[in-house]
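K.L.:
Provided herewith is a single structure, encoded as structure tokens, for subsequent inquiry.
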Amino acid sequence: MRQMIPLLVLPLLLAACATPRQACLSDATRDVATIDTLIAETQANLQRGYAIERELYTGTGIDLCLGSWRNRVGMSYCTVPETRVSTRPVTIDTATEKRKLHELQQARKRAENTARNKLASCEARYPSP
């Protein structure tokens with residue numbers, strides 16, 4: 001069996017290395033960053049005139065694997081499942097996308113105010129050195 005840390009576990013391991021102050025600051029700005037990503041995606045959709053839909057699917061890849069003590073094979077090629085992404089263009093309703101963009105911009109303002117308060121709280125709990 002392949003010995004590899006799953007890609008989804010890596011951010012958790014890196015987060016564990018963060019100081020409490022860094023974790024607090026990151027948590028305080030997470031919503032703003034997420035909304036910024038959605039705003040950028042919506043703006044790109046409007047500029048292109050279509051959206052890009054991403055779909056995950058599982059394919060098969062070939063890897064070098066360690067054998068077992070039973071078949072006494074040191075290393076061999078084996079097939080392993082791999083998650084891949086396919087993309088395709090999707091039509092959009094520009095009026096709906098414009099409304100969505102406006103709502104996201106309003107949500108960003110609210111999230112920014114909330115983030116400011118959370119950042120102040122982080123600074124109070126964990127003053128910078």
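In the structure tokens, chains take letters A, B, ... by order of appearance, with residues numbered from 1 within each chain and ligands from 1 in the order shown.
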Would you please extract all alpha helix (DSSP H) residues from chain A, as assigned by DSSP on the backbone, and give them as number ranges by chain?

P.N.:
A: 9-16, 20-48, 94-125

K.L.:
If we count only C-alpha atoms and set the cut-off at 9 Å, which residues sit around stretch 26-30 of chain A, ignoring sequence neighbours fewer than 3 positions away in its own chain? Please answer as an NGL selection string.

P.N.:
:A and (21-23 or 33-35 or 111-112 or 114-119 or 122)

K.L.:
Between atom CA of A:Val85 and atom CA of A:Thr58, measure the distance and give it in Å to one decimal.

P.N.:
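According to the coordinates, atom CA of A:Val85 and atom CA of A:Thr58 are separated by 8.6 Å.
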
K.L.:
Excluding A:Thr83 and its own-chain neighbours fewer than 6 positions away, which residues fall within 10 Å of it when counting only C-alpha atoms? Please give them as a ChimeraX atom specification.

P.N.:
/A:56-61

K.L.:
With a distance cut-off of 8 Å and only C-alpha atoms, select the neighbouring residues of A:Leu46, excluding the residue or stretch itself and same-chain residues fewer than 4 positions from it, and output the selection as a ChimeraX atom specification.

P.N.:
/A:42,50,94,97-98

K.L.:
Could you tell me how far atom CA of A:Ala18 sits from atom CA of A:Ala124, in Å to one decimal place?

P.N.:
18.0 Å

K.L.:
Show me, as a list in words, the residues that have an atom within 10 Å of A:Thr87 when counting only C-alpha atoms, minus same-chain residues fewer than 5 positions from it.

P.N.:
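Close residues of A:Thr87: Ala51, Ile52, Glu53, Arg54, Glu55 and Leu56 of chain A.
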
K.L.:
Have a look at A:Leu25, A:Val90, A:Cys17, A:Leu38 and name the one nearest to A:Gln105; count only C-alpha atoms.

P.N.:
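Ranked by minimum distance to A:Gln105, first place goes to A:Leu38.
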
K.L.:
Apply DSSP to the backbone of this structure and, from chain A, keep only the residues in strand (DSSP E or B); write these as JSON, numbers by chain.

P.N.:
{"A": [50, 51, 52, 53, 54, 55, 56, 57, 58, 59, 60, 61, 62, 63, 64, 65, 66, 75, 76, 77, 78, 79, 80, 81, 82, 83, 84, 85, 86, 87, 88, 89, 90, 91]}

K.L.:
Grab the atom CA of A:Ile62 to atom CA of A:Ser76 distance for me, in Å with one decimal place.

P.N.:
10.1 Å

K.L.:
Restricting the calculation to only C-alpha atoms, which member of A:Ala95, A:Leu104, A:Met75, A:Cys65 is positioned closest to A:Ala40?

P.N.:
A:Leu104

K.L.:
Using only C-alpha atoms, which of the listed residues (A:Ile39, A:Pro20, A:Asp63, A:Arg110) sits closest to A:Glu82?

P.N.:
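Nearest to A:Glu82: A:Asp63.
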
K.L.:
Quick one: of A:Pro129, A:Ser121, A:His102, A:Leu64, who's nearest to A:Val80, counting only C-alpha atoms?

P.N.:
A:Leu64

K.L.:
Counting only C-alpha atoms, figure out which residue out of A:Ala120, A:Cys24, A:Ala44, A:Leu66 gets nearest to A:Ile92.

P.N.:
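Distance minimum relative to A:Ile92 lands on A:Ala44.
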